[in-house]
file final_29.txt (compact mmCIF, C-alpha atoms and all ligand atoms)
# COMPACT_ATOMS: atom_id res chain seq x y z
CA MET A 604 -5.69 -32.50 20.58
CA ASP A 605 -1.94 -32.01 21.09
CA ILE A 606 0.10 -30.33 18.36
CA ASP A 607 3.43 -28.63 17.94
CA THR A 608 2.40 -25.39 16.24
CA LEU A 609 -0.90 -23.57 16.07
CA ILE A 610 -1.10 -20.88 13.40
CA LEU A 611 -3.92 -18.37 13.75
CA GLY A 612 -4.96 -17.00 10.37
CA ALA A 613 -4.91 -18.64 6.94
CA GLY A 614 -3.97 -15.53 4.98
CA ALA A 615 -0.72 -14.89 3.14
CA ALA A 616 1.52 -15.03 6.22
CA GLY A 617 -0.25 -17.91 7.98
CA LEU A 618 -0.32 -20.19 4.93
CA PHE A 619 3.30 -19.44 4.13
CA ALA A 620 4.35 -20.08 7.72
CA ALA A 621 2.53 -23.42 7.60
CA ALA A 622 4.55 -24.39 4.54
CA HIS A 623 7.79 -23.89 6.45
CA ALA A 624 6.77 -25.08 9.91
CA GLY A 625 8.03 -28.61 9.39
CA ALA A 626 4.78 -30.51 8.87
CA ALA A 627 6.44 -32.54 6.12
CA ALA A 628 9.12 -33.54 8.65
CA GLY A 629 6.51 -34.85 11.07
CA ARG A 630 5.70 -31.80 13.14
CA ARG A 631 2.01 -31.41 13.92
CA VAL A 632 0.91 -28.06 12.51
CA LEU A 633 -2.64 -26.72 12.53
CA VAL A 634 -3.81 -23.53 10.80
CA VAL A 635 -7.18 -22.09 11.83
CA ASP A 636 -9.23 -19.26 10.34
CA HIS A 637 -12.74 -18.00 10.91
CA ALA A 638 -13.26 -17.46 7.18
CA ARG A 639 -14.86 -20.00 4.86
CA ALA A 640 -11.91 -19.91 2.44
CA PRO A 641 -8.16 -19.44 2.90
CA GLY A 642 -6.21 -16.51 1.44
CA GLU A 643 -9.18 -14.30 0.64
CA LYS A 644 -7.08 -11.14 0.32
CA ILE A 645 -4.68 -12.93 -1.99
CA ARG A 646 -7.65 -13.91 -4.16
CA ILE A 647 -8.83 -10.33 -4.68
CA SER A 648 -5.40 -8.69 -4.70
CA GLY A 649 -3.94 -7.04 -7.77
CA GLY A 650 -7.30 -7.02 -9.53
CA GLY A 651 -7.42 -10.83 -9.25
CA ARG A 652 -3.83 -11.30 -10.47
CA CYS A 653 -2.02 -10.83 -7.14
CA ASN A 654 0.89 -8.41 -7.09
CA PHE A 655 2.83 -11.04 -5.15
CA THR A 656 6.14 -9.20 -4.68
CA ASN A 657 8.23 -6.31 -5.92
CA MET A 658 11.64 -6.61 -7.56
CA PHE A 659 12.78 -3.53 -5.64
CA ALA A 660 11.61 -4.65 -2.20
CA SER A 661 14.03 -3.29 0.38
CA PRO A 662 13.73 -1.96 3.94
CA GLU A 663 13.35 1.66 2.74
CA CYS A 664 9.96 0.74 1.26
CA TYR A 665 8.47 -0.06 4.68
CA LEU A 666 7.05 2.13 7.44
CA SER A 667 7.57 1.17 11.07
CA ALA A 668 8.38 2.88 14.35
CA ASN A 669 11.67 0.98 14.02
CA PRO A 670 12.72 1.17 10.35
CA HIS A 671 15.53 -1.35 10.97
CA PHE A 672 13.25 -4.10 12.25
CA CYS A 673 12.27 -5.53 8.85
CA LYS A 674 15.84 -5.78 7.56
CA SER A 675 16.75 -9.20 8.87
CA ALA A 676 13.63 -11.04 7.67
CA LEU A 677 13.62 -9.34 4.27
CA ALA A 678 17.29 -10.21 3.78
CA ARG A 679 16.87 -13.85 4.71
CA TYR A 680 13.82 -14.52 2.54
CA THR A 681 13.88 -12.17 -0.44
CA GLN A 682 11.65 -11.40 -3.40
CA TRP A 683 13.98 -13.60 -5.48
CA ASP A 684 13.28 -16.55 -3.17
CA PHE A 685 9.54 -16.12 -3.65
CA ILE A 686 9.95 -15.70 -7.42
CA ALA A 687 11.97 -18.94 -7.47
CA GLN A 688 9.11 -20.68 -5.65
CA MET A 689 6.60 -19.37 -8.20
CA ASP A 690 8.86 -20.67 -10.97
CA ARG A 691 9.13 -24.10 -9.32
CA HIS A 692 5.34 -24.27 -9.37
CA GLY A 693 5.23 -23.24 -13.02
CA ILE A 694 3.24 -20.07 -12.28
CA ASP A 695 3.89 -17.52 -15.02
CA TRP A 696 4.25 -13.89 -14.05
CA HIS A 697 5.12 -10.50 -15.49
CA GLU A 698 6.30 -7.09 -14.34
CA LYS A 699 3.53 -4.54 -14.72
CA THR A 700 5.39 -1.39 -13.69
CA LEU A 701 7.89 -0.20 -11.06
CA GLY A 702 9.05 -3.73 -10.28
CA GLN A 703 5.52 -4.92 -9.43
CA LEU A 704 5.14 -8.62 -10.27
CA PHE A 705 1.73 -10.10 -11.09
CA CYS A 706 0.51 -13.56 -12.09
CA ASP A 707 -0.15 -13.91 -15.83
CA GLY A 708 -3.15 -16.04 -14.88
CA SER A 709 -4.98 -15.72 -11.60
CA ALA A 710 -4.28 -15.00 -7.93
CA ARG A 711 -5.90 -18.38 -7.28
CA GLN A 712 -2.64 -19.96 -8.48
CA VAL A 713 -0.78 -18.39 -5.55
CA ILE A 714 -3.35 -19.72 -3.07
CA ASP A 715 -3.17 -23.19 -4.63
CA MET A 716 0.62 -23.08 -4.44
CA LEU A 717 0.53 -22.13 -0.75
CA LEU A 718 -1.99 -24.87 0.03
CA ALA A 719 0.13 -27.44 -1.82
CA GLU A 720 3.28 -26.30 0.00
CA MET A 721 1.72 -26.40 3.47
CA ALA A 722 0.56 -30.02 3.23
CA PRO A 723 0.41 -32.12 5.39
CA ALA A 724 -0.31 -29.34 7.90
CA GLU A 725 -4.00 -29.29 8.79
CA LEU A 726 -6.30 -26.40 7.91
CA TRP A 727 -9.49 -25.70 9.85
CA LEU A 728 -11.73 -23.07 8.33
CA ASN A 729 -14.94 -21.73 9.92
CA THR A 730 -13.03 -21.77 13.18
CA ALA A 731 -13.24 -19.06 15.82
CA LEU A 732 -10.80 -18.66 18.69
CA ARG A 733 -12.73 -18.46 21.96
CA ASP A 734 -9.82 -18.45 24.37
CA LEU A 735 -6.03 -18.68 24.41
CA SER A 736 -4.04 -19.29 27.56
CA HIS A 737 -0.54 -20.36 28.53
CA ASP A 738 0.27 -22.54 31.51
CA GLY A 739 4.00 -21.88 31.62
CA SER A 740 4.91 -24.57 29.13
CA HIS A 741 2.08 -24.90 26.59
CA PHE A 742 -0.67 -22.83 24.99
CA THR A 743 -4.25 -24.03 25.19
CA ALA A 744 -6.66 -22.74 22.56
CA THR A 745 -10.40 -23.16 22.81
CA LEU A 746 -11.83 -23.18 19.32
CA ASP A 747 -15.29 -23.33 17.77
CA HIS A 748 -14.69 -25.47 14.72
CA ASP A 749 -17.70 -25.85 12.43
CA GLY A 750 -19.93 -25.39 15.47
CA THR A 751 -18.06 -27.89 17.66
CA ARG A 752 -16.00 -26.85 20.69
CA GLN A 753 -12.39 -28.13 20.43
CA THR A 754 -9.44 -27.77 22.77
CA VAL A 755 -6.00 -27.67 21.20
CA THR A 756 -2.73 -27.71 23.13
CA ALA A 757 0.32 -26.37 21.29
CA ARG A 758 3.92 -25.66 22.10
CA GLN A 759 4.06 -22.65 19.79
CA VAL A 760 1.49 -20.17 18.54
CA ILE A 761 2.05 -18.04 15.46
CA VAL A 762 -0.42 -15.17 15.20
CA ALA A 763 -1.05 -14.29 11.54
CA THR A 764 -4.50 -12.76 11.69
CA GLY A 765 -3.55 -9.58 9.83
CA GLY A 766 -4.77 -6.06 10.52
CA LYS A 767 -8.10 -4.26 10.59
CA SER A 768 -8.42 -3.39 6.91
CA ILE A 769 -11.64 -4.46 5.21
CA PRO A 770 -13.70 -5.91 8.06
CA LYS A 771 -16.18 -7.20 5.45
CA MET A 772 -13.47 -9.65 4.37
CA GLY A 773 -13.03 -10.98 7.89
CA ALA A 774 -10.40 -8.58 9.25
CA THR A 775 -10.48 -8.24 13.04
CA GLY A 776 -8.20 -6.85 15.70
CA LEU A 777 -7.55 -10.33 17.11
CA ALA A 778 -3.75 -10.05 16.89
CA TYR A 779 -3.81 -6.83 18.93
CA ASP A 780 -6.15 -8.39 21.50
CA ILE A 781 -3.83 -11.38 21.91
CA ALA A 782 -0.83 -9.06 22.22
CA ARG A 783 -2.56 -7.05 24.94
CA GLN A 784 -3.66 -10.22 26.73
CA PHE A 785 0.00 -11.28 26.97
CA GLY A 786 1.14 -7.80 28.02
CA LEU A 787 2.74 -6.85 24.70
CA PRO A 788 2.67 -3.26 23.42
CA VAL A 789 0.70 -2.31 20.32
CA THR A 790 1.45 0.91 18.42
CA GLU A 791 -1.36 3.16 17.20
CA THR A 792 -3.12 1.60 14.21
CA ARG A 793 -4.61 3.51 11.30
CA PRO A 794 -5.85 2.79 7.79
CA ALA A 795 -3.16 3.05 5.10
CA LEU A 796 -3.00 2.72 1.32
CA VAL A 797 -6.43 4.30 1.34
CA PRO A 798 -8.21 6.96 -0.80
CA PHE A 799 -8.62 10.52 0.46
CA THR A 800 -12.08 11.98 0.90
CA PHE A 801 -13.06 15.62 0.32
CA PRO A 802 -16.15 17.61 1.23
CA GLU A 803 -19.18 16.40 -0.69
CA GLY A 804 -19.08 17.13 -4.39
CA ARG A 805 -15.60 18.69 -4.57
CA PHE A 806 -14.32 16.42 -7.34
CA LYS A 807 -17.59 14.80 -8.39
CA PRO A 808 -17.57 16.35 -11.88
CA LEU A 809 -14.07 14.91 -12.41
CA SER A 810 -14.94 11.40 -11.30
CA GLY A 811 -13.02 8.90 -13.43
CA VAL A 812 -10.35 11.35 -14.62
CA SER A 813 -6.86 9.89 -14.22
CA LEU A 814 -3.39 11.27 -14.96
CA PRO A 815 0.24 10.84 -13.91
CA ALA A 816 1.03 13.21 -11.04
CA ARG A 817 3.45 13.86 -8.21
CA LEU A 818 1.81 13.87 -4.79
CA SER A 819 3.77 15.08 -1.82
CA ASN A 820 3.65 16.36 1.69
CA THR A 821 6.41 17.68 3.90
CA ARG A 822 7.81 14.18 4.41
CA THR A 823 7.68 12.37 1.09
CA SER A 824 6.62 12.35 -2.53
CA PHE A 825 5.30 9.77 -5.02
CA ASP A 826 5.13 9.94 -8.83
CA GLU A 827 2.29 7.66 -9.90
CA ALA A 828 -1.24 7.86 -11.29
CA LEU A 829 -3.83 10.10 -9.63
CA LEU A 830 -7.53 9.30 -9.97
CA PHE A 831 -10.43 11.64 -9.21
CA THR A 832 -13.44 9.90 -7.70
CA HIS A 833 -16.91 11.06 -6.74
CA ARG A 834 -15.79 11.05 -3.08
CA GLY A 835 -12.27 12.45 -3.45
CA LEU A 836 -8.88 11.29 -4.69
CA SER A 837 -7.53 7.82 -5.28
CA GLY A 838 -5.01 6.05 -7.53
CA PRO A 839 -1.55 4.74 -6.65
CA SER A 840 0.04 8.13 -5.83
CA VAL A 841 -2.77 8.91 -3.37
CA LEU A 842 -2.72 5.47 -1.75
CA GLN A 843 1.04 5.75 -1.30
CA LEU A 844 0.87 9.22 0.25
CA SER A 845 -2.00 8.24 2.55
CA SER A 846 0.41 6.09 4.60
CA TYR A 847 2.38 9.24 5.39
CA TRP A 848 -0.60 11.54 5.95
CA ARG A 849 -2.12 12.75 9.20
CA GLU A 850 -5.55 14.37 9.74
CA GLY A 851 -5.70 18.05 8.84
CA GLU A 852 -2.49 18.02 6.77
CA GLU A 853 -2.19 19.65 3.39
CA ILE A 854 -1.08 17.64 0.37
CA ARG A 855 0.54 19.07 -2.77
CA VAL A 856 -0.22 17.96 -6.30
CA ASN A 857 2.04 18.50 -9.30
CA LEU A 858 -0.08 17.84 -12.39
CA LEU A 859 2.91 18.20 -14.75
CA PRO A 860 5.63 16.21 -12.97
CA ASP A 861 7.58 15.27 -16.08
CA ARG A 862 8.30 18.73 -17.46
CA ASP A 863 9.36 22.24 -16.53
CA ALA A 864 5.92 23.84 -16.81
CA LEU A 865 7.13 27.41 -17.28
CA ASP A 866 9.62 26.48 -20.03
CA TRP A 867 6.95 24.44 -21.75
CA LEU A 868 4.32 27.23 -21.69
CA ARG A 869 6.85 29.78 -22.91
CA ALA A 870 7.86 27.51 -25.78
CA GLU A 871 4.19 27.04 -26.70
CA ARG A 872 3.69 30.79 -26.56
CA ALA A 873 6.64 31.32 -28.93
CA THR A 874 5.32 28.88 -31.53
CA ALA A 875 1.53 29.12 -31.15
CA GLY A 876 0.75 32.20 -29.09
CA ARG A 877 -2.73 32.61 -30.63
CA ARG A 878 -4.02 29.50 -28.95
CA GLN A 879 -5.93 29.72 -25.68
CA LEU A 880 -4.24 28.58 -22.49
CA GLY A 881 -6.91 25.88 -22.00
CA THR A 882 -6.28 24.41 -25.46
CA VAL A 883 -2.56 24.17 -24.79
CA LEU A 884 -3.02 22.67 -21.33
CA ALA A 885 -5.34 20.03 -22.78
CA GLN A 886 -2.33 18.68 -24.73
CA ALA A 887 -0.77 17.62 -21.43
CA LEU A 888 -3.73 17.21 -19.10
CA PRO A 889 -7.07 15.40 -19.39
CA SER A 890 -9.45 17.82 -21.12
CA ARG A 891 -12.12 17.35 -18.41
CA LEU A 892 -9.68 18.55 -15.77
CA VAL A 893 -8.61 21.79 -17.47
CA PRO A 894 -11.85 23.84 -16.96
CA HIS A 895 -11.92 22.73 -13.33
CA LEU A 896 -8.59 24.43 -12.59
CA ASP A 897 -8.68 28.01 -11.37
CA LEU A 898 -6.94 29.38 -14.49
CA PRO A 899 -7.75 31.89 -17.27
CA THR A 900 -8.21 29.08 -19.79
CA GLU A 901 -9.77 31.31 -22.45
CA THR A 902 -6.87 33.79 -22.51
CA ARG A 903 -4.52 33.55 -25.50
CA LEU A 904 -1.00 32.50 -24.57
CA ALA A 905 0.41 35.56 -26.37
CA ASP A 906 -1.47 37.74 -23.88
CA LEU A 907 0.22 36.14 -20.89
CA SER A 908 3.54 37.67 -19.86
CA ASP A 909 6.27 35.63 -18.17
CA LYS A 910 5.10 37.09 -14.88
CA SER A 911 1.48 36.03 -15.55
CA LEU A 912 2.57 32.55 -16.59
CA SER A 913 4.68 32.21 -13.43
CA ALA A 914 1.69 33.28 -11.35
CA LEU A 915 -0.37 30.43 -12.85
CA LEU A 916 2.15 27.74 -12.03
CA PRO A 917 1.05 26.90 -8.47
CA GLN A 918 -2.33 25.69 -9.82
CA LEU A 919 -0.48 23.30 -12.12
CA THR A 920 2.56 22.19 -10.19
CA ASP A 921 1.85 22.97 -6.55
CA TRP A 922 -1.90 22.58 -6.12
CA ARG A 923 -2.53 22.50 -2.37
CA LEU A 924 -5.41 20.46 -1.05
CA THR A 925 -6.49 19.40 2.40
CA PRO A 926 -8.37 16.09 2.47
CA SER A 927 -11.20 15.91 4.97
CA GLY A 928 -10.22 12.34 5.79
CA THR A 929 -9.76 8.90 4.27
CA GLU A 930 -12.11 6.08 3.34
CA GLY A 931 -10.92 4.31 6.49
CA TYR A 932 -10.63 0.59 7.13
CA ARG A 933 -13.61 -0.04 4.85
CA THR A 934 -11.34 0.15 1.79
CA ALA A 935 -7.79 0.52 3.16
CA GLU A 936 -5.42 -2.05 1.69
CA VAL A 937 -3.43 -2.31 4.88
CA THR A 938 -3.22 -1.26 8.52
CA LEU A 939 -0.38 0.98 9.60
CA GLY A 940 1.01 0.22 13.06
CA GLY A 941 0.36 -2.92 15.06
CA ILE A 942 2.36 -5.16 17.36
CA ASP A 943 5.23 -3.01 18.60
CA THR A 944 8.43 -4.37 17.08
CA ASP A 945 10.26 -3.66 20.36
CA ALA A 946 8.41 -6.67 21.73
CA LEU A 947 9.66 -9.01 18.96
CA SER A 948 12.91 -10.54 17.83
CA SER A 949 13.63 -9.20 14.34
CA ARG A 950 15.29 -12.51 13.48
CA THR A 951 12.45 -14.82 14.49
CA MET A 952 9.33 -12.69 15.14
CA GLU A 953 9.11 -14.37 18.54
CA THR A 954 7.93 -12.23 21.43
CA ARG A 955 10.73 -11.54 23.86
CA ALA A 956 8.53 -11.67 26.95
CA ARG A 957 6.59 -14.81 26.00
CA PRO A 958 8.78 -17.44 24.28
CA ASN A 959 6.99 -19.55 21.65
CA LEU A 960 4.51 -16.80 20.80
CA PHE A 961 5.15 -15.28 17.37
CA PHE A 962 3.51 -12.46 15.39
CA ILE A 963 3.92 -12.19 11.62
CA GLY A 964 2.53 -10.38 8.58
CA GLU A 965 0.34 -7.30 8.66
CA ALA A 966 -0.36 -7.64 12.39
CA VAL A 967 3.16 -6.39 13.08
CA ASP A 968 4.07 -2.69 12.93
CA VAL A 969 5.68 -3.04 9.49
CA THR A 970 3.75 -1.64 6.53
CA GLY A 971 4.93 -1.66 2.95
CA TRP A 972 4.32 0.68 0.07
CA LEU A 973 1.79 -0.18 -2.58
CA GLY A 974 3.14 -2.59 -5.18
CA GLY A 975 3.73 -6.09 -3.79
CA TYR A 976 5.73 -4.97 -0.76
CA ASN A 977 3.12 -6.09 1.77
CA PHE A 978 2.93 -9.64 0.47
CA GLN A 979 6.73 -9.76 0.51
CA TRP A 980 6.63 -8.80 4.19
CA ALA A 981 4.07 -11.55 4.78
CA TRP A 982 6.35 -14.14 3.11
CA SER A 983 9.57 -12.89 4.75
CA SER A 984 8.20 -12.54 8.28
CA ALA A 985 6.43 -15.92 8.03
CA HIS A 986 9.64 -17.55 6.86
CA ALA A 987 11.60 -15.97 9.71
CA ALA A 988 9.19 -17.37 12.30
CA ALA A 989 8.50 -20.77 10.78
CA THR A 990 12.08 -21.74 10.13
CA GLU A 991 12.93 -20.88 13.73
CA ILE A 992 10.42 -23.10 15.53
P1 LIG B 1 -4.33 -11.47 5.90
O1 LIG B 1 -5.32 -10.39 6.10
O2 LIG B 1 -3.98 -11.87 4.51
O3 LIG B 1 -4.79 -12.80 6.63
C1 LIG B 1 -5.34 -12.78 7.92
C2 LIG B 1 -6.22 -14.00 8.08
O4 LIG B 1 -6.62 -14.07 9.42
C3 LIG B 1 -7.47 -13.93 7.23
O5 LIG B 1 -7.63 -15.13 6.51
C4 LIG B 1 -8.59 -13.70 8.23
O6 LIG B 1 -9.81 -14.35 7.88
C5 LIG B 1 -8.00 -14.35 9.49
N1 LIG B 1 -8.56 -13.77 10.71
C6 LIG B 1 -8.67 -12.47 11.04
N2 LIG B 1 -9.25 -12.33 12.23
C7 LIG B 1 -9.52 -13.58 12.68
C8 LIG B 1 -10.15 -14.10 13.84
N3 LIG B 1 -10.62 -13.27 14.79
N4 LIG B 1 -10.26 -15.45 13.98
C9 LIG B 1 -9.79 -16.27 13.00
N5 LIG B 1 -9.22 -15.85 11.88
C10 LIG B 1 -9.06 -14.52 11.71
N6 LIG B 1 -0.50 -6.52 -0.94
C11 LIG B 1 0.44 -6.73 -1.91
O7 LIG B 1 1.60 -6.89 -1.59
N7 LIG B 1 0.05 -6.82 -3.23
C12 LIG B 1 -1.24 -6.66 -3.62
O8 LIG B 1 -1.58 -6.80 -4.81
C13 LIG B 1 -2.21 -6.35 -2.62
N8 LIG B 1 -3.50 -6.11 -2.96
C14 LIG B 1 -4.44 -5.89 -1.98
C15 LIG B 1 -5.76 -5.67 -2.35
C16 LIG B 1 -6.72 -5.46 -1.36
C17 LIG B 1 -8.13 -5.16 -1.77
C18 LIG B 1 -6.34 -5.52 0.00
C19 LIG B 1 -7.37 -5.34 1.08
C20 LIG B 1 -5.04 -5.74 0.36
C21 LIG B 1 -4.05 -5.92 -0.63
N9 LIG B 1 -2.72 -6.12 -0.30
C22 LIG B 1 -1.79 -6.33 -1.29
C23 LIG B 1 -2.29 -6.20 1.11
C24 LIG B 1 -2.18 -7.68 1.50
O9 LIG B 1 -3.40 -8.33 1.18
C25 LIG B 1 -1.88 -7.84 2.98
O10 LIG B 1 -0.75 -7.09 3.32
C26 LIG B 1 -1.63 -9.32 3.31
O11 LIG B 1 -2.75 -10.07 2.96
C27 LIG B 1 -1.31 -9.48 4.78
O12 LIG B 1 -1.17 -10.84 5.03
P2 LIG B 1 -1.52 -11.45 6.47
O13 LIG B 1 -1.45 -12.92 6.30
O14 LIG B 1 -0.73 -10.79 7.50
O15 LIG B 1 -3.04 -11.01 6.71
call {"tool": "encode", "arguments": {"input": "final_29.txt", "output": "structure tokens"}}
result
Amino acid sequence: MDIDTLILGAGAAGLFAAAHAGAAAGRRVLVVDHARAPGEKIRISGGGRCNFTNMFASPECYLSANPHFCKSALARYTQWDFIAQMDRHGIDWHEKTLGQLFCDGSARQVIDMLLAEMAPAELWLNTALRDLSHDGSHFTATLDHDGTRQTVTARQVIVATGGKSIPKMGATGLAYDIARQFGLPVTETRPALVPFTFPEGRFKPLSGVSLPARLSNTRTSFDEALLFTHRGLSGPSVLQLSSYWREGEEIRVNLLPDRDALDWLRAERATAGRRQLGTVLAQALPSRLVPHLDLPTETRLADLSDKSLSALLPQLTDWRLTPSGTEGYRTAEVTLGGIDTDALSSRTMETRARPNLFFIGEAVDVTGWLGGYNFQWAWSSAHAAATEI
């Protein structure tokens, strides 16, 4: 079978690329995926409502060895372009928080929109890539499609097979293998947007407790919810910080990020000094958390001098913890690192050394924050590649 464009991967980036690869104008476009259904991560994303973009998406919200790489694609296909597409398809949406946009209905609507937009490109599911070669002018892919061996010859190949996160959902390192096969560099990959683990039992009694907090390390800081779990720490602030964390590093937790803790405790002491420290803290913190902190919770506020109160502050506003690790690719929302952007054109996502070979989406060393930024990268990078071919 001879086609113009072969797209590997029917996830967010692959489906979106198919929609813009010119199938409607007569180009022969084929998308293949080893999964039984397209867009599986879209389906489960955002608790089933798909946080499809972020109103504040901008290059500063992405991690990459080259922080400038994402600028061109993000500028040429923006969050407003994707929102306009959602509106054209009559898909209602809302902002949940911090510019994060979700479907009012279901993530399924986004998948249906992408499938409608990509027609008449062909989609082969249950299809494994056995071999990919290039003879100097064309790519030849050997595919197992529904148990039948097929050979496809294509002028261009767009690799959109994502990263390694959640192997149970079909994630593989195929993009990195293809890159290496064609002599392209791949930066170190690691799980990101992933919960921290702690030695057995450390936070077990607090499992389920959630509160707003500021999590930071020496490089960055995030103010979002923190969740204690039976295995460690999770919640948006933790997932965000995990992308900036390295093994063995300490993290710092401010449990009272929205107030001056010393001023607040002094004011409480002036008006209600007979109350115990624990009772006062429980006004601002979840009551299950308070006894867990290393503080004299049964002491009356009136019995705590300014010096004593100051000495307590680190437990509340600068709690230092060292995670033993992360939950890894098993639960990570994304993979940090990937195809080295030095090997790609930032305008088209085409590899410099191998014309007509493109890498898009999560496979590339561009990783967004939590909150719709990663889907926006999938749309923008797919658009950059597909409109170029
Ligand atoms: P994606 O992983 O979507 O697609 C890759 C495709 O390639 C898959 O269909 C896979 O089956 C296929 N494939 C892989 N290996 C293959 C092989 N060897 N042969 C054939 N096919 C192969 N982001 C966001 O912005 N908002 C959100 O709400 C969420 N929520 C979220 C929840 C959860 C649980 C996860 C795991 C992730 C998110 N994300 C997210 C991240 C987001 O899902 C991710 O960034 C995009 O799906 C990346 O799109 P890609 O198309 O690059 O990869």
call {"tool": "atom_distance", "arguments": {"input": "final_29.txt", "atom1": "atom CA of Val632 of chain A", "atom2": "atom CA of Thr751 of chain A"}}
result
19.7 Å
call {"tool": "residues_around", "arguments": {"input": "final_29.txt", "residues": "segment 726-743 of chain A", "least_positions_apart": "3", "cutoff": "10 Å", "atoms": "all atoms listed in the file", "output": "PyMOL selection string"}}
result
chain A and resi 604-605+607-613+618+621+632-641+718+721-723+746-760+777+781+784-785+957-960
call {"tool": "atom_distance", "arguments": {"input": "final_29.txt", "atom1": "atom C15 of ligand LIG 1 (chain B)", "atom2": "atom CA of Ile647 of chain A"}}
result
6.0 Å
call {"tool": "closest_residue", "arguments": {"input": "final_29.txt", "among": "A:Val789, A:Ala615, A:Ala782, A:Ala914", "to": "Gly940 of chain A", "atoms": "all atoms listed in the file"}}
result
A:Val789
call {"tool": "residues_near_ligand", "arguments": {"input": "final_29.txt", "ligand": "ligand LIG 1 (chain B)", "cutoff": "7 Å", "atoms": "only C-alpha atoms and all ligand atoms", "output": "mmCIF file with C-alpha atoms, in the coordinates of the input"}}
result
data_model
loop_
_atom_site.group_PDB
_atom_site.id
_atom_site.type_symbol
_atom_site.label_atom_id
_atom_site.label_comp_id
_atom_site.auth_asym_id
_atom_site.auth_seq_id
_atom_site.Cartn_x
_atom_site.Cartn_y
_atom_site.Cartn_z
ATOM 1 C CA LEU A 611 -3.920 -18.370 13.750
ATOM 2 C CA GLY A 612 -4.960 -17.000 10.370
ATOM 3 C CA ALA A 613 -4.910 -18.640 6.940
ATOM 4 C CA GLY A 614 -3.970 -15.530 4.980
ATOM 5 C CA ALA A 615 -0.720 -14.890 3.140
ATOM 6 C CA ALA A 616 1.520 -15.030 6.220
ATOM 7 C CA GLY A 617 -0.250 -17.910 7.980
ATOM 8 C CA VAL A 635 -7.180 -22.090 11.830
ATOM 9 C CA ASP A 636 -9.230 -19.260 10.340
ATOM 10 C CA HIS A 637 -12.740 -18.000 10.910
ATOM 11 C CA ALA A 638 -13.260 -17.460 7.180
ATOM 12 C CA PRO A 641 -8.160 -19.440 2.900
ATOM 13 C CA GLY A 642 -6.210 -16.510 1.440
ATOM 14 C CA GLU A 643 -9.180 -14.300 0.640
ATOM 15 C CA LYS A 644 -7.080 -11.140 0.320
ATOM 16 C CA ILE A 645 -4.680 -12.930 -1.990
ATOM 17 C CA ILE A 647 -8.830 -10.330 -4.680
ATOM 18 C CA SER A 648 -5.400 -8.690 -4.700
ATOM 19 C CA GLY A 649 -3.940 -7.040 -7.770
ATOM 20 C CA CYS A 653 -2.020 -10.830 -7.140
ATOM 21 C CA ASN A 654 0.890 -8.410 -7.090
ATOM 22 C CA PHE A 655 2.830 -11.040 -5.150
ATOM 23 C CA THR A 656 6.140 -9.200 -4.680
ATOM 24 C CA THR A 730 -13.030 -21.770 13.180
ATOM 25 C CA ALA A 731 -13.240 -19.060 15.820
ATOM 26 C CA LEU A 732 -10.800 -18.660 18.690
ATOM 27 C CA ALA A 763 -1.050 -14.290 11.540
ATOM 28 C CA THR A 764 -4.500 -12.760 11.690
ATOM 29 C CA GLY A 765 -3.550 -9.580 9.830
ATOM 30 C CA GLY A 766 -4.770 -6.060 10.520
ATOM 31 C CA SER A 768 -8.420 -3.390 6.910
ATOM 32 C CA ILE A 769 -11.640 -4.460 5.210
ATOM 33 C CA MET A 772 -13.470 -9.650 4.370
ATOM 34 C CA GLY A 773 -13.030 -10.980 7.890
ATOM 35 C CA ALA A 774 -10.400 -8.580 9.250
ATOM 36 C CA THR A 775 -10.480 -8.240 13.040
ATOM 37 C CA GLY A 776 -8.200 -6.850 15.700
ATOM 38 C CA LEU A 777 -7.550 -10.330 17.110
ATOM 39 C CA THR A 934 -11.340 0.150 1.790
ATOM 40 C CA ALA A 935 -7.790 0.520 3.160
ATOM 41 C CA GLU A 936 -5.420 -2.050 1.690
ATOM 42 C CA VAL A 937 -3.430 -2.310 4.880
ATOM 43 C CA ILE A 963 3.920 -12.190 11.620
ATOM 44 C CA GLY A 964 2.530 -10.380 8.580
ATOM 45 C CA GLU A 965 0.340 -7.300 8.660
ATOM 46 C CA ALA A 966 -0.360 -7.640 12.390
ATOM 47 C CA LEU A 973 1.790 -0.180 -2.580
ATOM 48 C CA GLY A 974 3.140 -2.590 -5.180
ATOM 49 C CA GLY A 975 3.730 -6.090 -3.790
ATOM 50 C CA TYR A 976 5.730 -4.970 -0.760
ATOM 51 C CA ASN A 977 3.120 -6.090 1.770
ATOM 52 C CA PHE A 978 2.930 -9.640 0.470
ATOM 53 C CA GLN A 979 6.730 -9.760 0.510
ATOM 54 C CA ALA A 981 4.070 -11.550 4.780
#
call {"tool": "atom_distance", "arguments": {"input": "final_29.txt", "atom1": "atom CA of Trp683 of chain A", "atom2": "atom CA of Thr938 of chain A"}}
result
25.4 Å
call {"tool": "closest_residue", "arguments": {"input": "final_29.txt", "among": "A:Thr874, A:Leu915, A:Leu880, A:Ala719", "to": "Gln688 of chain A", "atoms": "only C-alpha atoms"}}
result
A:Ala719
call {"tool": "closest_atom_pairs", "arguments": {"input": "final_29.txt", "of": "segment 928-970 of chain A", "to": "segment 827-850 of chain A", "cutoff": "9 Å", "atoms": "only C-alpha atoms", "output": "JSON lines"}}
result
{"residue": "A:Gly928", "atom": "CA", "partner": "A:Glu850", "partner_atom": "CA", "distance": 6.4}
{"residue": "A:Thr929", "atom": "CA", "partner": "A:Ser845", "partner_atom": "CA", "distance": 8.0}
{"residue": "A:Glu930", "atom": "CA", "partner": "A:Arg834", "partner_atom": "CA", "distance": 8.9}
{"residue": "A:Ala935", "atom": "CA", "partner": "A:Leu842", "partner_atom": "CA", "distance": 8.6}
{"residue": "A:Glu936", "atom": "CA", "partner": "A:Leu842", "partner_atom": "CA", "distance": 8.7}
{"residue": "A:Leu939", "atom": "CA", "partner": "A:Ser846", "partner_atom": "CA", "distance": 7.2}
{"residue": "A:Thr970", "atom": "CA", "partner": "A:Ser846", "partner_atom": "CA", "distance": 8.6}
